[in-house]
file target04.tsv (TSV, N, CA and C atoms)
chain	number	residue	atom	x	y	z
A	737	GLN	N	6.62	13.30	-14.62
A	737	GLN	CA	5.97	13.36	-13.33
A	737	GLN	C	5.36	12.00	-13.01
A	738	VAL	N	5.64	11.50	-11.85
A	738	VAL	CA	5.12	10.20	-11.42
A	738	VAL	C	3.74	10.40	-10.82
A	739	GLN	N	2.81	9.56	-11.23
A	739	GLN	CA	1.47	9.62	-10.68
A	739	GLN	C	1.06	8.25	-10.16
A	740	LEU	N	0.42	8.25	-8.99
A	740	LEU	CA	-0.10	7.04	-8.39
A	740	LEU	C	-1.61	7.25	-8.21
A	741	VAL	N	-2.38	6.31	-8.67
A	741	VAL	CA	-3.84	6.41	-8.58
A	741	VAL	C	-4.39	5.14	-7.95
A	742	GLU	N	-4.97	5.29	-6.76
A	742	GLU	CA	-5.58	4.16	-6.08
A	742	GLU	C	-7.04	3.99	-6.51
A	743	SER	N	-7.50	2.76	-6.44
A	743	SER	CA	-8.90	2.46	-6.70
A	743	SER	C	-9.26	1.20	-5.94
A	744	GLY	N	-10.56	0.94	-5.85
A	744	GLY	CA	-11.03	-0.29	-5.23
A	744	GLY	C	-11.58	-0.14	-3.83
A	745	GLY	N	-11.50	1.05	-3.27
A	745	GLY	CA	-12.05	1.25	-1.94
A	745	GLY	C	-13.57	1.24	-1.97
A	746	GLY	N	-14.15	1.25	-0.78
A	746	GLY	CA	-15.60	1.25	-0.69
A	746	GLY	C	-16.05	0.85	0.69
A	747	MET	N	-17.32	0.52	0.78
A	747	MET	CA	-17.90	0.11	2.04
A	747	MET	C	-18.20	-1.38	1.99
A	748	VAL	N	-17.86	-2.08	3.06
A	748	VAL	CA	-18.05	-3.52	3.11
A	748	VAL	C	-18.40	-3.91	4.55
A	749	GLN	N	-19.11	-4.99	4.71
A	749	GLN	CA	-19.42	-5.49	6.04
A	749	GLN	C	-18.23	-6.24	6.62
A	750	ALA	N	-18.19	-6.29	7.93
A	750	ALA	CA	-17.13	-7.04	8.61
A	750	ALA	C	-17.10	-8.47	8.09
A	751	GLY	N	-15.90	-8.97	7.86
A	751	GLY	CA	-15.72	-10.30	7.32
A	751	GLY	C	-15.59	-10.33	5.81
A	752	GLY	N	-15.90	-9.22	5.18
A	752	GLY	CA	-15.83	-9.14	3.73
A	752	GLY	C	-14.42	-8.88	3.22
A	753	SER	N	-14.34	-8.72	1.90
A	753	SER	CA	-13.04	-8.53	1.24
A	753	SER	C	-13.11	-7.37	0.27
A	754	LEU	N	-11.95	-6.77	0.06
A	754	LEU	CA	-11.77	-5.76	-0.97
A	754	LEU	C	-10.37	-5.94	-1.55
A	755	ARG	N	-10.22	-5.54	-2.79
A	755	ARG	CA	-8.88	-5.50	-3.39
A	755	ARG	C	-8.62	-4.08	-3.88
A	756	LEU	N	-7.61	-3.48	-3.31
A	756	LEU	CA	-7.19	-2.15	-3.73
A	756	LEU	C	-6.14	-2.27	-4.83
A	757	SER	N	-6.20	-1.34	-5.77
A	757	SER	CA	-5.21	-1.27	-6.84
A	757	SER	C	-4.56	0.10	-6.82
A	758	CYS	N	-3.32	0.13	-7.25
A	758	CYS	CA	-2.60	1.39	-7.37
A	758	CYS	C	-1.86	1.36	-8.70
A	759	ALA	N	-2.30	2.19	-9.63
A	759	ALA	CA	-1.67	2.28	-10.94
A	759	ALA	C	-0.63	3.39	-10.93
A	760	VAL	N	0.53	3.07	-11.47
A	760	VAL	CA	1.66	4.01	-11.44
A	760	VAL	C	2.05	4.39	-12.86
A	761	SER	N	2.24	5.66	-13.10
A	761	SER	CA	2.67	6.13	-14.41
A	761	SER	C	3.76	7.16	-14.23
A	762	GLY	N	4.51	7.40	-15.28
A	762	GLY	CA	5.48	8.47	-15.28
A	762	GLY	C	6.93	8.03	-15.33
A	763	ARG	N	7.23	6.87	-14.79
A	763	ARG	CA	8.59	6.34	-14.88
A	763	ARG	C	8.53	4.84	-14.89
A	764	THR	N	9.65	4.21	-15.05
A	764	THR	CA	9.68	2.75	-15.08
A	764	THR	C	9.22	2.18	-13.74
A	765	PHE	N	8.11	1.48	-13.78
A	765	PHE	CA	7.50	0.96	-12.57
A	765	PHE	C	8.43	0.04	-11.82
A	766	THR	N	9.22	-0.72	-12.53
A	766	THR	CA	10.08	-1.71	-11.89
A	766	THR	C	11.23	-1.10	-11.10
A	767	THR	N	11.39	0.22	-11.16
A	767	THR	CA	12.43	0.85	-10.35
A	767	THR	C	11.94	1.19	-8.95
A	768	TYR	N	10.63	1.02	-8.72
A	768	TYR	CA	10.06	1.45	-7.46
A	768	TYR	C	9.77	0.31	-6.50
A	769	HIS	N	10.16	0.51	-5.25
A	769	HIS	CA	9.60	-0.26	-4.17
A	769	HIS	C	8.26	0.39	-3.82
A	770	MET	N	7.26	-0.42	-3.54
A	770	MET	CA	5.92	0.11	-3.31
A	770	MET	C	5.44	-0.21	-1.91
A	771	GLY	N	4.68	0.70	-1.36
A	771	GLY	CA	4.12	0.49	-0.02
A	771	GLY	C	2.66	0.90	0.04
A	772	TRP	N	1.97	0.31	1.00
A	772	TRP	CA	0.60	0.71	1.32
A	772	TRP	C	0.59	1.21	2.77
A	773	PHE	N	-0.08	2.32	2.96
A	773	PHE	CA	-0.28	2.89	4.29
A	773	PHE	C	-1.77	3.14	4.48
A	774	ARG	N	-2.16	3.35	5.72
A	774	ARG	CA	-3.53	3.74	5.99
A	774	ARG	C	-3.56	4.77	7.11
A	775	GLN	N	-4.61	5.58	7.06
A	775	GLN	CA	-4.77	6.61	8.07
A	775	GLN	C	-6.23	6.70	8.48
A	776	ALA	N	-6.48	6.38	9.74
A	776	ALA	CA	-7.81	6.50	10.30
A	776	ALA	C	-7.99	7.89	10.90
A	777	PRO	N	-9.22	8.36	11.05
A	777	PRO	CA	-9.45	9.69	11.62
A	777	PRO	C	-8.78	9.85	12.97
A	778	GLY	N	-8.02	10.92	13.12
A	778	GLY	CA	-7.38	11.21	14.39
A	778	GLY	C	-6.13	10.39	14.67
A	779	LYS	N	-5.72	9.59	13.70
A	779	LYS	CA	-4.53	8.75	13.91
A	779	LYS	C	-3.47	9.07	12.88
A	780	GLU	N	-2.25	8.65	13.18
A	780	GLU	CA	-1.15	8.86	12.25
A	780	GLU	C	-1.23	7.84	11.11
A	781	ARG	N	-0.60	8.22	10.01
A	781	ARG	CA	-0.51	7.29	8.88
A	781	ARG	C	0.36	6.11	9.28
A	782	ALA	N	-0.15	4.91	9.04
A	782	ALA	CA	0.54	3.70	9.49
A	782	ALA	C	0.80	2.76	8.33
A	783	PRO	N	1.93	2.05	8.35
A	783	PRO	CA	2.23	1.11	7.27
A	783	PRO	C	1.32	-0.11	7.34
A	784	VAL	N	0.98	-0.60	6.17
A	784	VAL	CA	0.16	-1.81	6.05
A	784	VAL	C	0.98	-2.92	5.39
A	785	GLY	N	1.68	-2.58	4.34
A	785	GLY	CA	2.47	-3.58	3.64
A	785	GLY	C	3.39	-2.92	2.64
A	786	ALA	N	4.30	-3.71	2.11
A	786	ALA	CA	5.24	-3.20	1.12
A	786	ALA	C	5.72	-4.35	0.26
A	787	ILE	N	6.23	-4.00	-0.91
A	787	ILE	CA	6.72	-5.02	-1.83
A	787	ILE	C	7.91	-4.44	-2.58
A	788	SER	N	8.91	-5.28	-2.77
A	788	SER	CA	10.12	-4.82	-3.44
A	788	SER	C	9.87	-4.56	-4.92
A	789	SER	N	10.80	-3.88	-5.55
A	789	SER	CA	10.64	-3.51	-6.95
A	789	SER	C	10.45	-4.71	-7.87
A	790	SER	N	11.09	-5.81	-7.53
A	790	SER	CA	10.96	-7.02	-8.35
A	790	SER	C	9.74	-7.84	-7.98
A	791	GLY	N	9.19	-7.57	-6.80
A	791	GLY	CA	8.07	-8.37	-6.31
A	791	GLY	C	8.47	-9.59	-5.52
A	792	SER	N	9.77	-9.80	-5.35
A	792	SER	CA	10.23	-11.04	-4.72
A	792	SER	C	10.14	-11.00	-3.20
A	793	ARG	N	10.04	-9.82	-2.62
A	793	ARG	CA	9.96	-9.70	-1.18
A	793	ARG	C	8.75	-8.85	-0.79
A	794	GLN	N	8.07	-9.30	0.27
A	794	GLN	CA	6.89	-8.59	0.75
A	794	GLN	C	6.96	-8.43	2.27
A	795	TYR	N	6.39	-7.36	2.69
A	795	TYR	CA	6.26	-7.09	4.13
A	795	TYR	C	4.79	-6.82	4.42
A	796	ILE	N	4.28	-7.40	5.49
A	796	ILE	CA	2.91	-7.14	5.93
A	796	ILE	C	2.96	-6.79	7.41
A	797	ALA	N	2.30	-5.72	7.77
A	797	ALA	CA	2.28	-5.29	9.17
A	797	ALA	C	1.59	-6.34	10.04
A	798	ASP	N	2.03	-6.44	11.28
A	798	ASP	CA	1.47	-7.43	12.20
A	798	ASP	C	-0.03	-7.26	12.37
A	799	SER	N	-0.50	-6.03	12.30
A	799	SER	CA	-1.92	-5.76	12.54
A	799	SER	C	-2.83	-6.37	11.47
A	800	VAL	N	-2.27	-6.69	10.32
A	800	VAL	CA	-3.09	-7.23	9.23
A	800	VAL	C	-2.54	-8.56	8.70
A	801	LYS	N	-1.52	-9.05	9.33
A	801	LYS	CA	-0.89	-10.29	8.86
A	801	LYS	C	-1.89	-11.45	8.92
A	802	GLY	N	-1.89	-12.24	7.87
A	802	GLY	CA	-2.83	-13.35	7.80
A	802	GLY	C	-4.15	-12.97	7.14
A	803	ARG	N	-4.39	-11.67	6.98
A	803	ARG	CA	-5.63	-11.21	6.35
A	803	ARG	C	-5.37	-10.42	5.06
A	804	PHE	N	-4.27	-9.69	5.02
A	804	PHE	CA	-3.95	-8.86	3.86
A	804	PHE	C	-2.74	-9.45	3.13
A	805	THR	N	-2.74	-9.32	1.84
A	805	THR	CA	-1.57	-9.66	1.04
A	805	THR	C	-1.31	-8.56	0.03
A	806	ILE	N	-0.05	-8.42	-0.33
A	806	ILE	CA	0.37	-7.41	-1.29
A	806	ILE	C	1.01	-8.10	-2.49
A	807	SER	N	0.75	-7.58	-3.67
A	807	SER	CA	1.33	-8.15	-4.88
A	807	SER	C	1.48	-7.03	-5.90
A	808	ARG	N	2.19	-7.34	-6.95
A	808	ARG	CA	2.34	-6.35	-8.02
A	808	ARG	C	2.39	-7.06	-9.35
A	809	ASP	N	1.95	-6.36	-10.38
A	809	ASP	CA	2.01	-6.83	-11.75
A	809	ASP	C	2.83	-5.81	-12.52
A	810	ASN	N	4.08	-6.12	-12.75
A	810	ASN	CA	4.96	-5.14	-13.39
A	810	ASN	C	4.60	-4.90	-14.85
A	811	ALA	N	3.90	-5.83	-15.46
A	811	ALA	CA	3.46	-5.63	-16.84
A	811	ALA	C	2.32	-4.61	-16.91
A	812	LYS	N	1.59	-4.47	-15.80
A	812	LYS	CA	0.46	-3.54	-15.75
A	812	LYS	C	0.77	-2.29	-14.94
A	813	ASN	N	1.99	-2.18	-14.44
A	813	ASN	CA	2.38	-1.02	-13.63
A	813	ASN	C	1.44	-0.81	-12.45
A	814	THR	N	1.07	-1.91	-11.81
A	814	THR	CA	0.06	-1.84	-10.76
A	814	THR	C	0.48	-2.67	-9.56
A	815	VAL	N	0.19	-2.14	-8.38
A	815	VAL	CA	0.38	-2.89	-7.14
A	815	VAL	C	-0.99	-3.07	-6.50
A	816	TYR	N	-1.16	-4.21	-5.83
A	816	TYR	CA	-2.45	-4.57	-5.26
A	816	TYR	C	-2.35	-4.80	-3.76
A	817	LEU	N	-3.45	-4.56	-3.09
A	817	LEU	CA	-3.58	-4.93	-1.68
A	817	LEU	C	-4.88	-5.71	-1.55
A	818	GLN	N	-4.75	-7.01	-1.34
A	818	GLN	CA	-5.91	-7.87	-1.13
A	818	GLN	C	-6.22	-7.90	0.35
A	819	MET	N	-7.43	-7.51	0.69
A	819	MET	CA	-7.83	-7.41	2.09
A	819	MET	C	-8.99	-8.36	2.34
A	820	ASN	N	-8.75	-9.35	3.18
A	820	ASN	CA	-9.76	-10.34	3.53
A	820	ASN	C	-10.10	-10.24	5.02
A	821	SER	N	-11.21	-10.82	5.38
A	821	SER	CA	-11.65	-10.84	6.78
A	821	SER	C	-11.58	-9.45	7.40
A	822	LEU	N	-12.13	-8.50	6.70
A	822	LEU	CA	-12.03	-7.11	7.15
A	822	LEU	C	-12.76	-6.89	8.45
A	823	LYS	N	-12.20	-5.99	9.25
A	823	LYS	CA	-12.74	-5.64	10.56
A	823	LYS	C	-13.07	-4.15	10.59
A	824	PRO	N	-13.96	-3.74	11.47
A	824	PRO	CA	-14.26	-2.30	11.55
A	824	PRO	C	-13.01	-1.45	11.81
A	825	GLU	N	-12.05	-1.99	12.53
A	825	GLU	CA	-10.83	-1.22	12.80
A	825	GLU	C	-9.93	-1.06	11.58
A	826	ASP	N	-10.28	-1.71	10.48
A	826	ASP	CA	-9.55	-1.51	9.23
A	826	ASP	C	-10.05	-0.26	8.49
A	827	THR	N	-11.10	0.35	8.99
A	827	THR	CA	-11.64	1.54	8.36
A	827	THR	C	-10.60	2.66	8.37
A	828	ALA	N	-10.31	3.19	7.18
A	828	ALA	CA	-9.27	4.21	7.04
A	828	ALA	C	-9.22	4.65	5.58
A	829	VAL	N	-8.45	5.69	5.35
A	829	VAL	CA	-8.06	6.03	3.98
A	829	VAL	C	-6.76	5.29	3.70
A	830	TYR	N	-6.75	4.56	2.60
A	830	TYR	CA	-5.58	3.76	2.22
A	830	TYR	C	-4.82	4.47	1.10
A	831	TYR	N	-3.51	4.55	1.30
A	831	TYR	CA	-2.64	5.23	0.36
A	831	TYR	C	-1.58	4.28	-0.17
A	832	CYS	N	-1.26	4.40	-1.44
A	832	CYS	CA	-0.07	3.72	-1.93
A	832	CYS	C	1.04	4.74	-2.09
A	833	ALA	N	2.26	4.24	-2.01
A	833	ALA	CA	3.43	5.10	-2.06
A	833	ALA	C	4.56	4.39	-2.79
A	834	ALA	N	5.45	5.18	-3.36
A	834	ALA	CA	6.56	4.63	-4.14
A	834	ALA	C	7.87	5.25	-3.70
A	835	ALA	N	8.90	4.44	-3.74
A	835	ALA	CA	10.24	4.91	-3.41
A	835	ALA	C	11.25	4.22	-4.29
A	836	VAL	N	12.26	4.96	-4.70
A	836	VAL	CA	13.31	4.36	-5.53
A	836	VAL	C	14.28	3.57	-4.67
A	837	ARG	N	14.62	4.10	-3.50
A	837	ARG	CA	15.54	3.39	-2.63
A	837	ARG	C	15.34	3.86	-1.19
A	838	PHE	N	15.79	3.03	-0.28
A	838	PHE	CA	15.77	3.35	1.14
A	838	PHE	C	17.18	3.26	1.70
A	839	TYR	N	17.38	3.99	2.74
A	839	TYR	CA	18.67	3.94	3.44
A	839	TYR	C	18.91	2.53	3.94
A	840	GLY	N	20.09	2.02	3.68
A	840	GLY	CA	20.44	0.68	4.12
A	840	GLY	C	20.14	-0.39	3.10
A	841	GLY	N	19.54	0.00	1.99
A	841	GLY	CA	19.31	-0.96	0.91
A	841	GLY	C	18.12	-1.86	1.10
A	842	THR	N	17.28	-1.56	2.08
A	842	THR	CA	16.09	-2.38	2.29
A	842	THR	C	15.04	-2.05	1.25
A	843	TYR	N	13.94	-2.78	1.28
A	843	TYR	CA	12.92	-2.57	0.27
A	843	TYR	C	11.66	-1.90	0.82
A	844	TYR	N	11.67	-1.59	2.13
A	844	TYR	CA	10.51	-0.89	2.67
A	844	TYR	C	10.93	-0.06	3.87
A	845	SER	N	10.06	0.85	4.21
A	845	SER	CA	10.24	1.65	5.40
A	845	SER	C	8.89	1.85	6.06
A	846	SER	N	8.88	1.87	7.37
A	846	SER	CA	7.66	2.15	8.12
A	846	SER	C	7.43	3.65	8.27
A	847	ASN	N	8.40	4.42	7.86
A	847	ASN	CA	8.32	5.88	7.97
A	847	ASN	C	7.80	6.43	6.65
A	848	SER	N	6.63	7.03	6.69
A	848	SER	CA	6.03	7.54	5.46
A	848	SER	C	6.89	8.63	4.82
A	849	ASN	N	7.71	9.31	5.60
A	849	ASN	CA	8.55	10.37	5.04
A	849	ASN	C	9.63	9.83	4.09
A	850	ASP	N	9.87	8.54	4.15
A	850	ASP	CA	10.91	7.94	3.31
A	850	ASP	C	10.44	7.65	1.89
A	851	TYR	N	9.15	7.83	1.64
A	851	TYR	CA	8.62	7.54	0.31
A	851	TYR	C	8.60	8.82	-0.53
A	852	ASP	N	8.82	8.63	-1.83
A	852	ASP	CA	8.97	9.77	-2.73
A	852	ASP	C	7.65	10.25	-3.32
A	853	TYR	N	6.76	9.33	-3.58
A	853	TYR	CA	5.52	9.67	-4.28
A	853	TYR	C	4.34	9.00	-3.59
A	854	TRP	N	3.20	9.68	-3.66
A	854	TRP	CA	1.98	9.21	-3.00
A	854	TRP	C	0.77	9.34	-3.92
A	855	GLY	N	-0.16	8.43	-3.72
A	855	GLY	CA	-1.46	8.57	-4.35
A	855	GLY	C	-2.37	9.44	-3.52
A	856	GLN	N	-3.58	9.63	-4.02
A	856	GLN	CA	-4.53	10.53	-3.36
A	856	GLN	C	-5.31	9.84	-2.25
A	857	GLY	N	-5.25	8.53	-2.22
A	857	GLY	CA	-5.93	7.76	-1.18
A	857	GLY	C	-7.29	7.27	-1.63
A	858	THR	N	-7.72	6.17	-1.04
A	858	THR	CA	-9.04	5.62	-1.29
A	858	THR	C	-9.65	5.19	0.04
A	859	GLN	N	-10.91	5.53	0.24
A	859	GLN	CA	-11.57	5.27	1.52
A	859	GLN	C	-12.04	3.83	1.60
A	860	VAL	N	-11.74	3.19	2.70
A	860	VAL	CA	-12.27	1.86	3.02
A	860	VAL	C	-13.05	1.98	4.32
A	861	THR	N	-14.29	1.57	4.27
A	861	THR	CA	-15.16	1.62	5.45
A	861	THR	C	-15.72	0.22	5.70
A	862	VAL	N	-15.48	-0.28	6.90
A	862	VAL	CA	-15.95	-1.61	7.27
A	862	VAL	C	-16.99	-1.45	8.37
A	863	SER	N	-18.19	-1.92	8.09
A	863	SER	CA	-19.28	-1.80	9.06
A	863	SER	C	-19.41	-3.09	9.86
A	864	SER	N	-19.85	-2.94	11.09
A	864	SER	CA	-19.98	-4.11	11.96
A	864	SER	C	-21.35	-4.76	11.83
call {"tool": "encode", "arguments": {"input": "target04.tsv", "output": "structure tokens"}}
result
Amino acid sequence: QVQLVESGGGMVQAGGSLRLSCAVSGRTFTTYHMGWFRQAPGKERAPVGAISSSGSRQYIADSVKGRFTISRDNAKNTVYLQMNSLKPEDTAVYYCAAAVRFYGGTYYSSNSNDYDYWGQGTQVTVSS
């Protein structure tokens, strides 16, 4: 059974930084493409970023480009989301997700239904 466990969320003032971690267990981590999504109250789950199984390719959503970066450490079975210059509109529950493959051979999908496994989420709250 594959398990994803997020950590690192919390409350921070606008302009601050947080680093989220997602630890993966249960299968070979390097077989998974990884993604980060977020969901604010009353809104749909939205993609934030993604990284290929090897770590060589990354995607960052336009809404956070220039402020967030995604990385992974395959030796630690962990993917990270570094969030800088946080804004109140970044407040949401952040989820990591894993997928073995996507249609068309790409390394990410903006559709949350395309991911196979999910973590429980971690709350990020940014105060103004």
call {"tool": "select_by_dssp", "arguments": {"input": "target04.tsv", "residues": "chain A", "states": "strand (DSSP E)", "output": "JSON, numbers by chain"}}
result
{"A": [739, 740, 741, 742, 743, 746, 747, 748, 749, 754, 755, 756, 757, 758, 759, 760, 761, 769, 770, 771, 772, 773, 774, 775, 782, 783, 784, 785, 786, 787, 794, 795, 796, 804, 805, 806, 807, 808, 809, 814, 815, 816, 817, 818, 819, 828, 829, 830, 831, 832, 833, 834, 835, 853, 854, 858, 859, 860, 861, 862, 863]}
call {"tool": "atom_distance", "arguments": {"input": "target04.tsv", "atom1": "atom CA of Val738 of chain A", "atom2": "atom CA of Ser848 of chain A"}}
result
17.1 Å
call {"tool": "atom_distance", "arguments": {"input": "target04.tsv", "atom1": "atom CA of Gly746 of chain A", "atom2": "atom N of Arg774 of chain A"}}
result
15.0 Å
call {"tool": "closest_residue", "arguments": {"input": "target04.tsv", "among": "A:Leu756, A:Ala786, A:Val860, A:Ala750", "to": "Gln818 of chain A", "atoms": "all atoms listed in the file"}}
result
A:Leu756
call {"tool": "atom_distance", "arguments": {"input": "target04.tsv", "atom1": "atom N of Cys832 of chain A", "atom2": "atom C of Leu817 of chain A"}}
result
10.7 Å
call {"tool": "select_by_dssp", "arguments": {"input": "target04.tsv", "residues": "chain A", "states": "helix (DSSP H, G or I)", "output": "PyMOL selection string"}}
result
chain A and resi 765-767+824-826+848-850
call {"tool": "closest_residue", "arguments": {"input": "target04.tsv", "among": "A:Leu740, A:Leu754, A:Met770, A:Ala833", "to": "Met819 of chain A", "atoms": "only N, CA and C atoms"}}
result
A:Leu754
call {"tool": "closest_residue", "arguments": {"input": "target04.tsv", "among": "A:Val862, A:Val800, A:Ala835, A:Val784", "to": "Gly751 of chain A", "atoms": "all atoms listed in the file"}}
result
A:Val862
call {"tool": "closest_residue", "arguments": {"input": "target04.tsv", "among": "A:Ser753, A:Ser788, A:Thr805, A:Gln775", "to": "Tyr831 of chain A", "atoms": "all atoms listed in the file"}}
result
A:Gln775
call {"tool": "closest_residue", "arguments": {"input": "target04.tsv", "among": "A:His769, A:Lys812, A:Glu780, A:Thr764", "to": "Thr842 of chain A", "atoms": "only N, CA and C atoms"}}
result
A:His769
call {"tool": "residues_around", "arguments": {"input": "target04.tsv", "residues": "Ala759 of chain A", "least_positions_apart": "3", "cutoff": "12 Å", "atoms": "only C-alpha atoms", "output": "mmCIF file with N, CA and C atoms, in the coordinates of the input"}}
result
data_model
loop_
_atom_site.group_PDB
_atom_site.id
_atom_site.type_symbol
_atom_site.label_atom_id
_atom_site.label_comp_id
_atom_site.auth_asym_id
_atom_site.auth_seq_id
_atom_site.Cartn_x
_atom_site.Cartn_y
_atom_site.Cartn_z
ATOM 1 N N VAL A 738 5.640 11.500 -11.850
ATOM 2 C CA VAL A 738 5.120 10.200 -11.420
ATOM 3 C C VAL A 738 3.740 10.400 -10.820
ATOM 4 N N GLN A 739 2.810 9.560 -11.230
ATOM 5 C CA GLN A 739 1.470 9.620 -10.680
ATOM 6 C C GLN A 739 1.060 8.250 -10.160
ATOM 7 N N LEU A 740 0.420 8.250 -8.990
ATOM 8 C CA LEU A 740 -0.100 7.040 -8.390
ATOM 9 C C LEU A 740 -1.610 7.250 -8.210
ATOM 10 N N VAL A 741 -2.380 6.310 -8.670
ATOM 11 C CA VAL A 741 -3.840 6.410 -8.580
ATOM 12 C C VAL A 741 -4.390 5.140 -7.950
ATOM 13 N N GLU A 742 -4.970 5.290 -6.760
ATOM 14 C CA GLU A 742 -5.580 4.160 -6.080
ATOM 15 C C GLU A 742 -7.040 3.990 -6.510
ATOM 16 N N SER A 743 -7.500 2.760 -6.440
ATOM 17 C CA SER A 743 -8.900 2.460 -6.700
ATOM 18 C C SER A 743 -9.260 1.200 -5.940
ATOM 19 N N GLY A 744 -10.560 0.940 -5.850
ATOM 20 C CA GLY A 744 -11.030 -0.290 -5.230
ATOM 21 C C GLY A 744 -11.580 -0.140 -3.830
ATOM 22 N N LEU A 756 -7.610 -3.480 -3.310
ATOM 23 C CA LEU A 756 -7.190 -2.150 -3.730
ATOM 24 C C LEU A 756 -6.140 -2.270 -4.830
ATOM 25 N N GLY A 762 4.510 7.400 -15.280
ATOM 26 C CA GLY A 762 5.480 8.470 -15.280
ATOM 27 C C GLY A 762 6.930 8.030 -15.330
ATOM 28 N N ARG A 763 7.230 6.870 -14.790
ATOM 29 C CA ARG A 763 8.590 6.340 -14.880
ATOM 30 C C ARG A 763 8.530 4.840 -14.890
ATOM 31 N N PHE A 765 8.110 1.480 -13.780
ATOM 32 C CA PHE A 765 7.500 0.960 -12.570
ATOM 33 C C PHE A 765 8.430 0.040 -11.820
ATOM 34 N N MET A 770 7.260 -0.420 -3.540
ATOM 35 C CA MET A 770 5.920 0.110 -3.310
ATOM 36 C C MET A 770 5.440 -0.210 -1.910
ATOM 37 N N ARG A 808 2.190 -7.340 -6.950
ATOM 38 C CA ARG A 808 2.340 -6.350 -8.020
ATOM 39 C C ARG A 808 2.390 -7.060 -9.350
ATOM 40 N N ASP A 809 1.950 -6.360 -10.380
ATOM 41 C CA ASP A 809 2.010 -6.830 -11.750
ATOM 42 C C ASP A 809 2.830 -5.810 -12.520
ATOM 43 N N ASN A 810 4.080 -6.120 -12.750
ATOM 44 C CA ASN A 810 4.960 -5.140 -13.390
ATOM 45 C C ASN A 810 4.600 -4.900 -14.850
ATOM 46 N N ALA A 811 3.900 -5.830 -15.460
ATOM 47 C CA ALA A 811 3.460 -5.630 -16.840
ATOM 48 C C ALA A 811 2.320 -4.610 -16.910
ATOM 49 N N LYS A 812 1.590 -4.470 -15.800
ATOM 50 C CA LYS A 812 0.460 -3.540 -15.750
ATOM 51 C C LYS A 812 0.770 -2.290 -14.940
ATOM 52 N N ASN A 813 1.990 -2.180 -14.440
ATOM 53 C CA ASN A 813 2.380 -1.020 -13.630
ATOM 54 C C ASN A 813 1.440 -0.810 -12.450
ATOM 55 N N THR A 814 1.070 -1.910 -11.810
ATOM 56 C CA THR A 814 0.060 -1.840 -10.760
ATOM 57 C C THR A 814 0.480 -2.670 -9.560
ATOM 58 N N VAL A 815 0.190 -2.140 -8.380
ATOM 59 C CA VAL A 815 0.380 -2.890 -7.140
ATOM 60 C C VAL A 815 -0.990 -3.070 -6.500
ATOM 61 N N TYR A 816 -1.160 -4.210 -5.830
ATOM 62 C CA TYR A 816 -2.450 -4.570 -5.260
ATOM 63 C C TYR A 816 -2.350 -4.800 -3.760
ATOM 64 N N LEU A 817 -3.450 -4.560 -3.090
ATOM 65 C CA LEU A 817 -3.580 -4.930 -1.680
ATOM 66 C C LEU A 817 -4.880 -5.710 -1.550
ATOM 67 N N TYR A 831 -3.510 4.550 1.300
ATOM 68 C CA TYR A 831 -2.640 5.230 0.360
ATOM 69 C C TYR A 831 -1.580 4.280 -0.170
ATOM 70 N N CYS A 832 -1.260 4.400 -1.440
ATOM 71 C CA CYS A 832 -0.070 3.720 -1.930
ATOM 72 C C CYS A 832 1.040 4.740 -2.090
ATOM 73 N N ALA A 833 2.260 4.240 -2.010
ATOM 74 C CA ALA A 833 3.430 5.100 -2.060
ATOM 75 C C ALA A 833 4.560 4.390 -2.790
ATOM 76 N N ALA A 834 5.450 5.180 -3.360
ATOM 77 C CA ALA A 834 6.560 4.630 -4.140
ATOM 78 C C ALA A 834 7.870 5.250 -3.700
ATOM 79 N N TRP A 854 3.200 9.680 -3.660
ATOM 80 C CA TRP A 854 1.980 9.210 -3.000
ATOM 81 C C TRP A 854 0.770 9.340 -3.920
ATOM 82 N N GLY A 855 -0.160 8.430 -3.720
ATOM 83 C CA GLY A 855 -1.460 8.570 -4.350
ATOM 84 C C GLY A 855 -2.370 9.440 -3.520
ATOM 85 N N GLN A 856 -3.580 9.630 -4.020
ATOM 86 C CA GLN A 856 -4.530 10.530 -3.360
ATOM 87 C C GLN A 856 -5.310 9.840 -2.250
ATOM 88 N N GLY A 857 -5.250 8.530 -2.220
ATOM 89 C CA GLY A 857 -5.930 7.760 -1.180
ATOM 90 C C GLY A 857 -7.290 7.270 -1.630
#
call {"tool": "axis_aligned_box", "arguments": {"input": "target04.tsv", "around": "segment 767-774 of chain A", "padding_each_side": "8 Å", "output": "AutoDock Vina command-line options"}}
result
--center_x 4.4 --center_y 2.2 --center_z -2.0 --size_x 32.0 --size_y 21.2 --size_z 34.3
call {"tool": "residues_around", "arguments": {"input": "target04.tsv", "residues": "Arg837 of chain A", "least_positions_apart": "2", "cutoff": "8 Å", "atoms": "all atoms listed in the file", "output": "number ranges by chain"}}
result
A: 767-769, 834-835, 839-844, 850-852
call {"tool": "closest_residue", "arguments": {"input": "target04.tsv", "among": "A:Ser846, A:Gln749, A:Ser757, A:Thr827", "to": "Ser807 of chain A", "atoms": "only C-alpha atoms"}}
result
A:Ser757
